[in-house]
>>> print(open('final_21.cif').read())   # mmCIF, C-alpha atoms and all ligand atoms
data_model
#
loop_
_atom_site.label_atom_id
_atom_site.label_comp_id
_atom_site.auth_asym_id
_atom_site.auth_seq_id
_atom_site.Cartn_x
_atom_site.Cartn_y
_atom_site.Cartn_z
CA MET K 13 -28.63 7.54 29.17
CA ILE K 14 -27.63 4.67 26.89
CA THR K 15 -30.04 4.27 24.02
CA VAL K 16 -28.01 2.66 21.24
CA ARG K 17 -27.61 -1.08 21.26
CA SER K 18 -24.01 -1.01 19.92
CA VAL K 19 -22.91 1.39 22.68
CA ALA K 20 -24.47 -0.89 25.28
CA ARG K 21 -22.62 -3.84 23.74
CA MET K 22 -19.27 -2.07 24.18
CA THR K 23 -20.04 -0.99 27.71
CA GLY K 24 -22.01 -4.04 28.81
CA GLY K 25 -19.50 -4.92 31.56
CA VAL K 26 -19.60 -1.40 32.98
CA LEU K 27 -23.39 -1.38 32.92
CA LEU K 28 -23.53 -4.76 34.61
CA ALA K 29 -21.22 -3.49 37.37
CA MET K 30 -23.46 -0.41 37.78
CA PHE K 31 -26.51 -2.63 37.89
CA ILE K 32 -25.01 -4.89 40.56
CA ALA K 33 -23.83 -1.88 42.57
CA GLY K 34 -27.34 -0.39 42.41
CA CYS K 35 -29.04 -3.49 43.76
CA SER K 36 -29.31 -4.37 47.42
CA GLN K 37 -30.04 -8.00 46.50
CA THR K 38 -27.85 -10.28 44.44
CA PRO K 39 -29.01 -10.20 40.84
CA THR K 40 -28.78 -13.35 38.76
CA ASN K 41 -30.08 -11.34 35.87
CA HIS K 42 -27.68 -9.57 33.54
CA LEU K 43 -27.44 -8.05 30.10
CA LYS K 44 -27.11 -10.60 27.35
CA ASP K 45 -25.34 -9.85 24.10
CA GLY K 46 -27.17 -7.13 22.18
CA GLU K 47 -29.34 -5.98 25.09
CA PHE K 48 -29.26 -2.49 26.58
CA MET K 49 -30.38 -0.87 29.81
CA ILE K 50 -32.33 2.34 30.44
CA ASP K 51 -33.40 3.38 33.95
CA GLY K 52 -32.28 -0.05 35.24
CA LYS K 53 -34.60 -1.84 32.82
CA ILE K 54 -33.48 -4.28 30.15
CA PHE K 55 -34.50 -3.85 26.52
CA GLY K 56 -33.44 -5.07 23.09
CA LEU K 57 -33.96 -8.78 23.71
CA ALA K 58 -33.02 -11.46 21.20
CA GLU K 59 -35.46 -12.41 18.45
CA ALA K 60 -38.03 -15.10 19.10
CA GLU K 61 -37.31 -18.58 17.72
CA VAL K 62 -39.99 -20.62 15.97
CA PHE K 63 -39.30 -24.30 15.45
CA THR K 64 -40.83 -27.75 15.56
CA GLU K 65 -40.10 -30.14 18.40
CA ASP K 66 -41.06 -33.65 19.34
CA TYR K 67 -42.58 -32.72 22.71
CA ALA K 68 -45.29 -34.63 24.50
CA GLY K 69 -44.41 -33.67 28.08
CA PRO K 70 -46.40 -31.62 30.59
CA PRO K 71 -47.99 -28.66 28.79
CA VAL K 72 -47.34 -26.37 31.76
CA VAL K 73 -43.89 -26.24 33.36
CA GLY K 74 -42.62 -23.79 35.96
CA ASP K 75 -42.07 -23.74 39.71
CA TYR K 76 -43.87 -20.41 40.07
CA VAL K 77 -46.83 -21.29 37.85
CA THR K 78 -50.08 -22.04 39.69
CA ALA K 79 -53.77 -22.72 39.14
CA LEU K 80 -56.26 -20.05 40.24
CA PRO K 81 -56.80 -18.79 42.91
CA PHE K 82 -53.33 -19.74 44.16
CA LEU K 83 -50.15 -17.68 43.93
CA LYS K 84 -46.75 -19.27 44.61
CA PRO K 85 -44.79 -17.16 47.12
CA LEU K 86 -41.41 -15.96 45.88
CA ASP K 87 -39.14 -17.98 48.15
CA TYR K 88 -35.90 -16.66 46.69
CA LYS K 89 -33.94 -13.47 47.18
CA GLY K 90 -33.09 -11.01 44.41
CA ASN K 91 -33.70 -11.91 40.81
CA LYS K 92 -34.02 -15.19 38.99
CA THR K 93 -34.41 -16.52 35.48
CA HIS K 94 -37.59 -18.57 35.08
CA GLU K 95 -37.98 -21.26 32.45
CA VAL K 96 -41.70 -21.41 31.78
CA ARG K 97 -43.71 -23.47 29.33
CA ILE K 98 -47.39 -22.92 28.71
CA ASP K 99 -48.64 -24.85 25.68
CA THR K 100 -51.85 -23.89 23.94
CA PHE K 101 -54.47 -26.52 23.08
CA SER K 102 -58.20 -27.13 23.04
CA GLN K 103 -60.19 -28.51 25.90
CA MET K 104 -63.85 -29.03 26.72
CA VAL K 105 -64.43 -26.99 29.84
CA GLU K 106 -67.49 -26.30 31.94
CA VAL K 107 -68.21 -22.65 32.74
CA ALA K 108 -71.56 -23.12 34.50
CA PRO K 109 -73.49 -26.22 35.55
CA GLY K 110 -74.47 -27.98 32.31
CA VAL K 111 -72.67 -25.43 30.12
CA SER K 112 -69.49 -26.75 28.45
CA PHE K 113 -67.73 -25.61 25.29
CA ASN K 114 -64.68 -26.47 23.25
CA ALA K 115 -62.39 -23.78 24.64
CA TRP K 116 -59.05 -22.60 23.27
CA THR K 117 -56.82 -22.72 26.32
CA TYR K 118 -53.40 -22.10 27.73
CA GLY K 119 -52.51 -25.17 29.75
CA GLY K 120 -56.02 -26.67 29.68
CA THR K 121 -57.98 -24.23 31.85
CA VAL K 122 -59.82 -20.95 31.39
CA PRO K 123 -58.27 -18.68 32.56
CA GLY K 124 -54.81 -20.19 32.06
CA PRO K 125 -52.13 -20.59 34.75
CA THR K 126 -50.87 -17.73 36.90
CA LEU K 127 -47.16 -16.91 36.76
CA HIS K 128 -45.46 -15.15 39.68
CA VAL K 129 -42.10 -13.41 39.28
CA ARG K 130 -40.26 -10.46 40.83
CA GLU K 131 -39.52 -7.14 39.17
CA GLY K 132 -36.19 -7.61 37.36
CA ASP K 133 -36.64 -11.35 36.78
CA ARG K 134 -36.18 -12.80 33.33
CA VAL K 135 -38.58 -15.30 31.78
CA ILE K 136 -37.54 -17.76 29.08
CA PHE K 137 -40.93 -18.70 27.68
CA THR K 138 -41.79 -21.67 25.47
CA MET K 139 -45.19 -22.43 23.94
CA LYS K 140 -46.12 -25.24 21.58
CA ASN K 141 -49.32 -24.90 19.59
CA ARG K 142 -50.88 -28.31 20.31
CA SER K 143 -54.38 -27.36 19.13
CA ASP K 144 -54.29 -30.35 16.75
CA GLU K 145 -53.53 -32.80 19.62
CA GLU K 146 -55.73 -34.25 22.33
CA VAL K 147 -53.92 -33.20 25.50
CA VAL K 148 -54.99 -34.83 28.78
CA VAL K 149 -54.65 -32.69 31.90
CA THR K 150 -56.59 -34.86 34.33
CA ASP K 151 -53.92 -37.54 34.92
CA PRO K 152 -50.89 -37.13 37.16
CA VAL K 153 -47.88 -35.99 35.11
CA LYS K 154 -44.29 -36.93 35.89
CA GLY K 155 -42.43 -33.92 37.24
CA MET K 156 -45.77 -32.20 37.77
CA GLY K 157 -45.34 -28.64 39.03
CA PRO K 158 -47.75 -26.82 41.32
CA PHE K 159 -50.18 -26.01 38.48
CA TYR K 160 -51.21 -29.60 37.75
CA SER K 161 -51.27 -30.72 41.39
CA GLN K 162 -53.60 -27.82 42.19
CA LEU K 163 -55.71 -28.46 39.11
CA GLN K 164 -56.15 -32.12 39.97
CA GLY K 165 -57.25 -31.10 43.45
CA ASN K 166 -60.14 -29.15 41.96
CA LEU K 167 -61.23 -30.02 38.42
CA TYR K 168 -64.19 -27.64 38.55
CA GLN K 169 -64.11 -27.13 34.79
CA LYS K 170 -64.49 -30.92 34.25
CA ASN K 171 -61.72 -30.83 31.64
CA ARG K 172 -61.90 -33.19 28.67
CA PRO K 173 -59.40 -33.26 25.79
CA SER K 174 -60.50 -32.04 22.37
CA THR K 175 -58.94 -30.68 19.20
CA SER K 176 -59.51 -27.49 17.25
CA PRO K 177 -56.48 -26.83 15.01
CA MET K 178 -55.95 -23.08 14.92
CA PRO K 179 -53.09 -20.57 14.73
CA HIS K 180 -52.39 -18.93 18.10
CA SER K 181 -49.94 -16.59 19.80
CA MET K 182 -49.00 -15.30 23.24
CA ASP K 183 -48.99 -11.63 24.27
CA PHE K 184 -47.72 -10.98 27.79
CA HIS K 185 -48.68 -7.49 28.92
CA SER K 186 -45.88 -7.89 31.47
CA GLY K 187 -43.26 -7.90 28.71
CA THR K 188 -41.79 -4.90 26.88
CA VAL K 189 -40.89 -6.18 23.42
CA ALA K 190 -41.70 -5.78 19.73
CA ALA K 191 -45.08 -7.46 19.39
CA ASP K 192 -44.57 -8.42 15.74
CA ASP K 193 -41.61 -10.55 16.85
CA LYS K 194 -42.35 -12.10 20.27
CA TRP K 195 -46.14 -12.14 20.07
CA ARG K 196 -46.20 -13.61 16.55
CA THR K 197 -48.72 -16.25 15.52
CA ILE K 198 -47.62 -19.87 15.22
CA ALA K 199 -49.36 -22.71 13.41
CA PRO K 200 -50.49 -26.01 14.98
CA GLY K 201 -47.39 -28.17 15.56
CA GLU K 202 -45.04 -25.17 15.85
CA THR K 203 -43.27 -24.01 19.01
CA ILE K 204 -42.20 -20.46 19.85
CA ARG K 205 -39.53 -19.52 22.38
CA PHE K 206 -38.68 -15.98 23.49
CA GLU K 207 -37.55 -14.07 26.54
CA TRP K 208 -38.98 -11.11 28.37
CA VAL K 209 -37.79 -9.22 31.43
CA ALA K 210 -40.22 -8.15 34.17
CA ASN K 211 -39.14 -4.51 33.94
CA TYR K 212 -42.21 -3.11 35.70
CA PRO K 213 -44.11 -4.47 38.71
CA GLY K 214 -47.82 -5.15 38.30
CA VAL K 215 -50.61 -7.64 37.80
CA TYR K 216 -50.75 -8.25 34.08
CA MET K 217 -52.94 -9.99 31.58
CA TYR K 218 -51.63 -12.37 28.97
CA HIS K 219 -53.74 -13.41 26.00
CA CYS K 220 -53.73 -14.63 22.45
CA GLY K 221 -53.18 -11.78 20.01
CA THR K 222 -54.17 -13.63 16.85
CA PRO K 223 -57.12 -12.06 14.96
CA SER K 224 -59.91 -11.96 15.83
CA VAL K 225 -58.40 -11.10 19.20
CA LEU K 226 -61.92 -10.71 20.55
CA MET K 227 -62.73 -14.26 19.50
CA HIS K 228 -59.44 -15.86 20.64
CA THR K 229 -59.72 -14.16 24.02
CA ALA K 230 -63.41 -14.96 24.45
CA MET K 231 -62.64 -18.57 23.50
CA GLY K 232 -60.50 -18.80 26.64
CA GLN K 233 -56.94 -17.70 25.87
CA TYR K 234 -55.96 -15.44 28.77
CA GLY K 235 -54.49 -15.48 32.24
CA ALA K 236 -52.49 -13.48 34.79
CA VAL K 237 -48.86 -12.70 35.51
CA VAL K 238 -48.02 -11.16 38.89
CA VAL K 239 -44.78 -9.18 38.93
CA SER K 240 -44.12 -8.35 42.58
CA PRO K 241 -42.27 -5.08 43.22
CA LYS K 242 -38.56 -5.61 43.90
CA ASN K 243 -38.85 -4.09 47.37
CA GLY K 244 -42.27 -5.61 48.04
CA PHE K 245 -45.46 -3.93 49.30
CA PRO K 246 -45.41 -2.10 52.67
CA THR K 247 -47.86 -4.62 54.15
CA ASP K 248 -46.04 -7.80 53.06
CA ASP K 249 -45.33 -8.92 56.62
CA LYS K 250 -48.97 -8.35 57.69
CA VAL K 251 -50.76 -10.29 54.96
CA ASP K 252 -52.35 -13.59 56.05
CA HIS K 253 -53.80 -14.79 52.74
CA GLU K 254 -53.22 -14.04 49.08
CA PHE K 255 -55.60 -15.04 46.29
CA VAL K 256 -55.73 -14.36 42.57
CA ILE K 257 -59.07 -13.57 40.92
CA VAL K 258 -59.50 -13.17 37.17
CA GLN K 259 -62.83 -11.86 35.90
CA SER K 260 -63.88 -12.57 32.31
CA GLU K 261 -66.89 -12.95 30.05
CA TYR K 262 -68.14 -15.81 27.89
CA TYR K 263 -70.39 -15.40 24.87
CA LEU K 264 -71.98 -18.81 24.41
CA GLU K 265 -75.09 -20.19 22.80
CA LYS K 266 -76.55 -23.68 22.92
CA ALA K 267 -75.81 -25.94 19.95
CA GLY K 268 -77.14 -29.45 20.53
CA ASP K 269 -75.64 -31.00 23.67
CA THR K 270 -72.92 -28.41 23.94
CA TYR K 271 -72.34 -24.68 23.65
CA ILE K 272 -70.50 -22.64 21.05
CA TYR K 273 -69.08 -19.14 20.84
CA ASN K 274 -71.42 -16.46 19.46
CA HIS K 275 -69.43 -13.70 17.76
CA GLN K 276 -72.46 -11.44 17.29
CA ALA K 277 -73.08 -11.54 21.04
CA ALA K 278 -69.40 -10.75 21.66
CA MET K 279 -69.54 -7.79 19.25
CA ALA K 280 -72.72 -6.60 20.98
CA ARG K 281 -71.05 -6.99 24.42
CA ASP K 282 -73.87 -9.24 25.54
CA PRO K 283 -72.20 -12.01 27.56
CA SER K 284 -73.96 -15.25 28.44
CA HIS K 285 -71.76 -15.68 31.54
CA VAL K 286 -69.41 -13.45 33.52
CA THR K 287 -67.16 -15.36 35.89
CA PHE K 288 -64.49 -15.18 38.52
CA ASN K 289 -61.77 -17.74 37.71
CA GLY K 290 -63.59 -19.17 34.72
CA HIS K 291 -66.66 -20.81 36.23
CA VAL K 292 -69.78 -19.24 37.74
CA SER K 293 -69.35 -21.52 40.77
CA ALA K 294 -65.53 -21.49 41.02
CA LEU K 295 -65.41 -19.31 44.12
CA ILE K 296 -68.77 -20.47 45.46
CA ASP K 297 -68.24 -24.25 45.52
CA SER K 298 -64.66 -23.66 46.72
CA PRO K 299 -64.95 -20.49 48.81
CA LEU K 300 -61.90 -18.56 49.95
CA ARG K 301 -61.27 -19.49 53.60
CA VAL K 302 -59.92 -16.97 56.09
CA LYS K 303 -60.23 -15.94 59.74
CA GLU K 304 -61.70 -12.81 61.26
CA GLY K 305 -58.97 -10.22 61.74
CA ASP K 306 -56.91 -11.54 58.85
CA ARG K 307 -55.44 -9.17 56.32
CA VAL K 308 -56.42 -10.52 52.92
CA ARG K 309 -54.70 -9.53 49.70
CA LEU K 310 -56.44 -10.07 46.37
CA TYR K 311 -54.71 -9.81 43.02
CA VAL K 312 -57.64 -8.97 40.75
CA LEU K 313 -57.40 -8.89 36.97
CA ASN K 314 -60.29 -8.06 34.66
CA ALA K 315 -59.43 -10.00 31.50
CA GLY K 316 -62.58 -8.84 29.68
CA PRO K 317 -62.37 -9.20 26.71
CA SER K 318 -64.74 -6.20 26.53
CA ASP K 319 -66.52 -5.57 29.84
CA THR K 320 -65.56 -3.50 32.88
CA SER K 321 -65.52 -4.80 36.45
CA SER K 322 -66.55 -2.83 39.53
CA PHE K 323 -64.92 -5.13 42.07
CA HIS K 324 -66.39 -5.01 45.55
CA VAL K 325 -66.26 -7.09 48.73
CA ILE K 326 -69.62 -6.93 50.53
CA GLY K 327 -68.95 -6.05 54.16
CA ALA K 328 -65.34 -4.94 53.80
CA ILE K 329 -63.50 -1.77 52.83
CA LEU K 330 -60.39 -2.05 50.72
CA ASP K 331 -57.99 -0.18 52.97
CA ARG K 332 -55.05 -0.43 50.55
CA VAL K 333 -55.35 -0.64 46.78
CA TRP K 334 -52.42 -0.59 44.40
CA TYR K 335 -53.86 0.08 40.96
CA GLU K 336 -52.38 -2.20 38.31
CA GLY K 337 -50.38 -3.81 41.11
CA ASN K 338 -47.74 -1.06 41.12
CA VAL K 339 -46.72 -0.05 44.63
CA GLU K 340 -46.47 3.60 43.50
CA ASN K 341 -50.22 3.71 42.68
CA GLU K 342 -51.65 3.55 46.19
CA TRP K 343 -55.26 4.32 47.02
CA ARG K 344 -56.85 4.14 50.48
CA GLY K 345 -60.32 3.28 51.67
CA MET K 346 -61.88 2.11 48.42
CA GLN K 347 -65.39 0.57 48.44
CA THR K 348 -65.17 -0.53 44.80
CA VAL K 349 -62.37 -0.64 42.24
CA LEU K 350 -63.24 -0.02 38.59
CA LEU K 351 -61.20 -2.12 36.21
CA GLY K 352 -61.39 -1.74 32.44
CA ALA K 353 -60.59 -4.66 30.18
CA SER K 354 -57.03 -5.76 31.04
CA ASN K 355 -56.80 -3.48 34.11
CA SER K 356 -55.92 -4.92 37.48
CA ALA K 357 -55.31 -4.04 41.11
CA VAL K 358 -53.85 -5.46 44.27
CA MET K 359 -56.50 -4.96 46.95
CA GLU K 360 -56.27 -5.50 50.70
CA PHE K 361 -58.78 -5.52 53.51
CA ILE K 362 -59.12 -6.65 57.09
CA VAL K 363 -61.76 -9.33 57.66
CA PRO K 364 -63.97 -7.59 60.23
CA GLU K 365 -65.65 -10.60 61.86
CA ALA K 366 -66.54 -14.25 61.35
CA GLY K 367 -69.13 -14.81 58.65
CA LEU K 368 -69.79 -15.07 54.97
CA TYR K 369 -68.59 -12.40 52.56
CA LYS K 370 -69.61 -12.06 48.93
CA LEU K 371 -67.15 -10.83 46.33
CA VAL K 372 -68.99 -9.29 43.39
CA ASP K 373 -68.75 -7.22 40.29
CA HIS K 374 -70.96 -4.39 41.57
CA GLU K 375 -72.24 -3.97 38.00
CA PHE K 376 -75.06 -6.27 39.03
CA ALA K 377 -75.98 -7.35 35.51
CA ASP K 378 -72.54 -9.00 35.57
CA ALA K 379 -72.94 -10.37 39.11
CA GLU K 380 -76.21 -12.00 38.05
CA ARG K 381 -74.44 -13.54 35.05
CA GLY K 382 -71.99 -15.18 37.48
CA ALA K 383 -69.36 -12.65 38.57
CA ALA K 384 -69.63 -13.51 42.26
CA GLY K 385 -67.69 -15.48 44.82
CA THR K 386 -67.72 -16.33 48.49
CA MET K 387 -65.25 -15.92 51.31
CA ILE K 388 -65.90 -17.67 54.62
CA ALA K 389 -64.31 -16.27 57.78
CA THR K 390 -64.04 -18.40 60.92
CA PRO K 391 -63.56 -16.93 64.41
CA ARG K 392 -60.05 -15.93 65.42
CA ASP K 393 -58.35 -17.07 68.60
CA ARG K 394 -59.06 -14.44 71.23
CU CU K 401 -55.45 -17.88 19.79
#
>>> encode(input="final_21.cif", output="structure tokens")
Amino acid sequence: MITVRSVARMTGGVLLAMFIAGCSQTPTNHLKDGEFMIDGKIFGLAEAEVFTEDYAGPPVVGDYVTALPFLKPLDYKGNKTHEVRIDTFSQMVEVAPGVSFNAWTYGGTVPGPTLHVREGDRVIFTMKNRSDEEVVVTDPVKGMGPFYSQLQGNLYQKNRPSTSPMPHSMDFHSGTVAADDKWRTIAPGETIRFEWVANYPGVYMYHCGTPSVLMHTAMGQYGAVVVSPKNGFPTDDKVDHEFVIVQSEYYLEKAGDTYIYNHQAAMARDPSHVTFNGHVSALIDSPLRVKEGDRVRLYVLNAGPSDTSSFHVIGAILDRVWYEGNVENEWRGMQTVLLGASNSAVMEFIVPEAGLYKLVDHEFADAERGAAGTMIATPRDR
């Protein structure tokens, strides 16, 4: 086992050859100077860079970055390096009819965009803190990736630009790095760039790690990363639909025409709203559409910040569940999956017949606060 960075530096070529020999697919990933490998995983990444840049382009960039509930299929073989930008900035967003607040966002929505990569992929991540700028996300953007085209197809949060200058950071649970380096806080106007390698498959949360983490997360700074296992799931060729669902809580109180965050309510774990995909009506006004007999795969993340989720599909049994999205953690025949704050699971079920199915947090105090969605199944061809 190689554990010392200098040894890995001397033997980097040998390790790379071993890595290539051990892979059935062609890796485009490799050890960079100073990195080392243990159990086929890459560690010891370069330090983050913090700088200022004159950037006014699209705040979300990446071919495999999507708006909820969509997930971009991985249409490439082996591993890939992804260049991803997700800027952080404020935005007025609606979370329930008539309830809007000045959210702190990644990319303009709550939750932020979903990133899809494969185990072994490398991500070169850039984030500018634009919390002092009014950033518009409702107009077409040149070179617009899937995230903004999907967002403009369904602006259910009724996004409006706003400012709220504030230090922020980015903590990807999918990365294995020194948090005091990569996840460091940057000031408004600063940009951070760092890399992480998707060493472990799973469905991961990302969030702001700047104190109060409770407040920054409850203000809207979180989202999902899906790291698909390098050899896939055993049912990959049987799945008809894939959707991503992120559950989270808001702690809001009325203040004039708008709503503001209530820290006492957050500390008391007394949410005003609990939502799937950021809005109490997100999966009700735009239900998931499937056919009877389809195999449906859900990537479910409970972002919290503090509550648990007892995820349940009324009328279906989850015949395969991979806890945390790791193919090694397989459960069968689950009625409900309990997810703590920042836990996740990949869940599959067969749609038994045409009809309307409710997705709920079976902790019904949360369902009544909004953690519910709808799936509509049409008849199959017989
Ligand atoms: Cu923050």
>>> residues_near_ligand(input="final_21.cif", ligand="ligand CU 401 (chain K)", cutoff="7 Å", atoms="all atoms listed in the file", output="PyMOL selection string")
chain K and resi 116+179-181+220-222+228+233
>>> atom_distance(input="final_21.cif", atom1="CA of Ser354 (chain K)", atom2="CA of Gly214 (chain K)")
11.7 Å
>>> residues_around(input="final_21.cif", residues="Val96 (chain K)", least_positions_apart="4", cutoff="7 Å", atoms="all atoms listed in the file", output="ChimeraX atom specification")
/K:73-74,135-138
>>> residues_around(input="final_21.cif", residues="Glu336 (chain K)", least_positions_apart="3", cutoff="7 Å", atoms="all atoms listed in the file", output="ChimeraX atom specification")
/K:214-215,355-358
>>> residues_around(input="final_21.cif", residues="Leu57 (chain K)", least_positions_apart="4", cutoff="8 Å", atoms="all atoms listed in the file", output="ChimeraX atom specification")
/K:44,46-47,189,207-208
>>> atom_distance(input="final_21.cif", atom1="CA of Glu254 (chain K)", atom2="CA of Leu83 (chain K)")
7.0 Å
>>> build_atoms(input="final_21.cif", residues="region 99-110 of chain K", atoms="N, CA and C atoms", output="compact mmCIF listing (two decimals), in the coordinates of the input")
# COMPACT_ATOMS: atom_id res chain seq x y z
N ASP K 99 -48.19 -24.47 27.02
CA ASP K 99 -48.64 -24.85 25.68
C ASP K 99 -50.09 -24.42 25.50
N THR K 100 -50.46 -24.24 24.23
CA THR K 100 -51.85 -23.89 23.94
C THR K 100 -52.52 -25.04 23.21
N PHE K 101 -53.74 -25.39 23.66
CA PHE K 101 -54.47 -26.52 23.08
C PHE K 101 -55.93 -26.41 23.48
N SER K 102 -56.77 -27.20 22.80
CA SER K 102 -58.20 -27.13 23.04
C SER K 102 -58.60 -28.05 24.19
N GLN K 103 -59.73 -27.73 24.76
CA GLN K 103 -60.19 -28.51 25.90
C GLN K 103 -61.68 -28.21 26.09
N MET K 104 -62.46 -29.27 26.32
CA MET K 104 -63.85 -29.03 26.72
C MET K 104 -63.83 -28.59 28.18
N VAL K 105 -64.38 -27.45 28.45
CA VAL K 105 -64.43 -26.99 29.84
C VAL K 105 -65.85 -26.56 30.18
N GLU K 106 -66.19 -26.76 31.44
CA GLU K 106 -67.49 -26.30 31.94
C GLU K 106 -67.33 -24.90 32.51
N VAL K 107 -68.27 -24.01 32.20
CA VAL K 107 -68.21 -22.65 32.74
C VAL K 107 -69.38 -22.35 33.67
N ALA K 108 -70.40 -23.20 33.60
CA ALA K 108 -71.56 -23.12 34.50
C ALA K 108 -72.16 -24.52 34.51
N PRO K 109 -72.93 -24.87 35.53
CA PRO K 109 -73.49 -26.22 35.55
C PRO K 109 -74.23 -26.52 34.25
N GLY K 110 -73.82 -27.58 33.56
CA GLY K 110 -74.47 -27.98 32.31
C GLY K 110 -74.05 -27.18 31.09
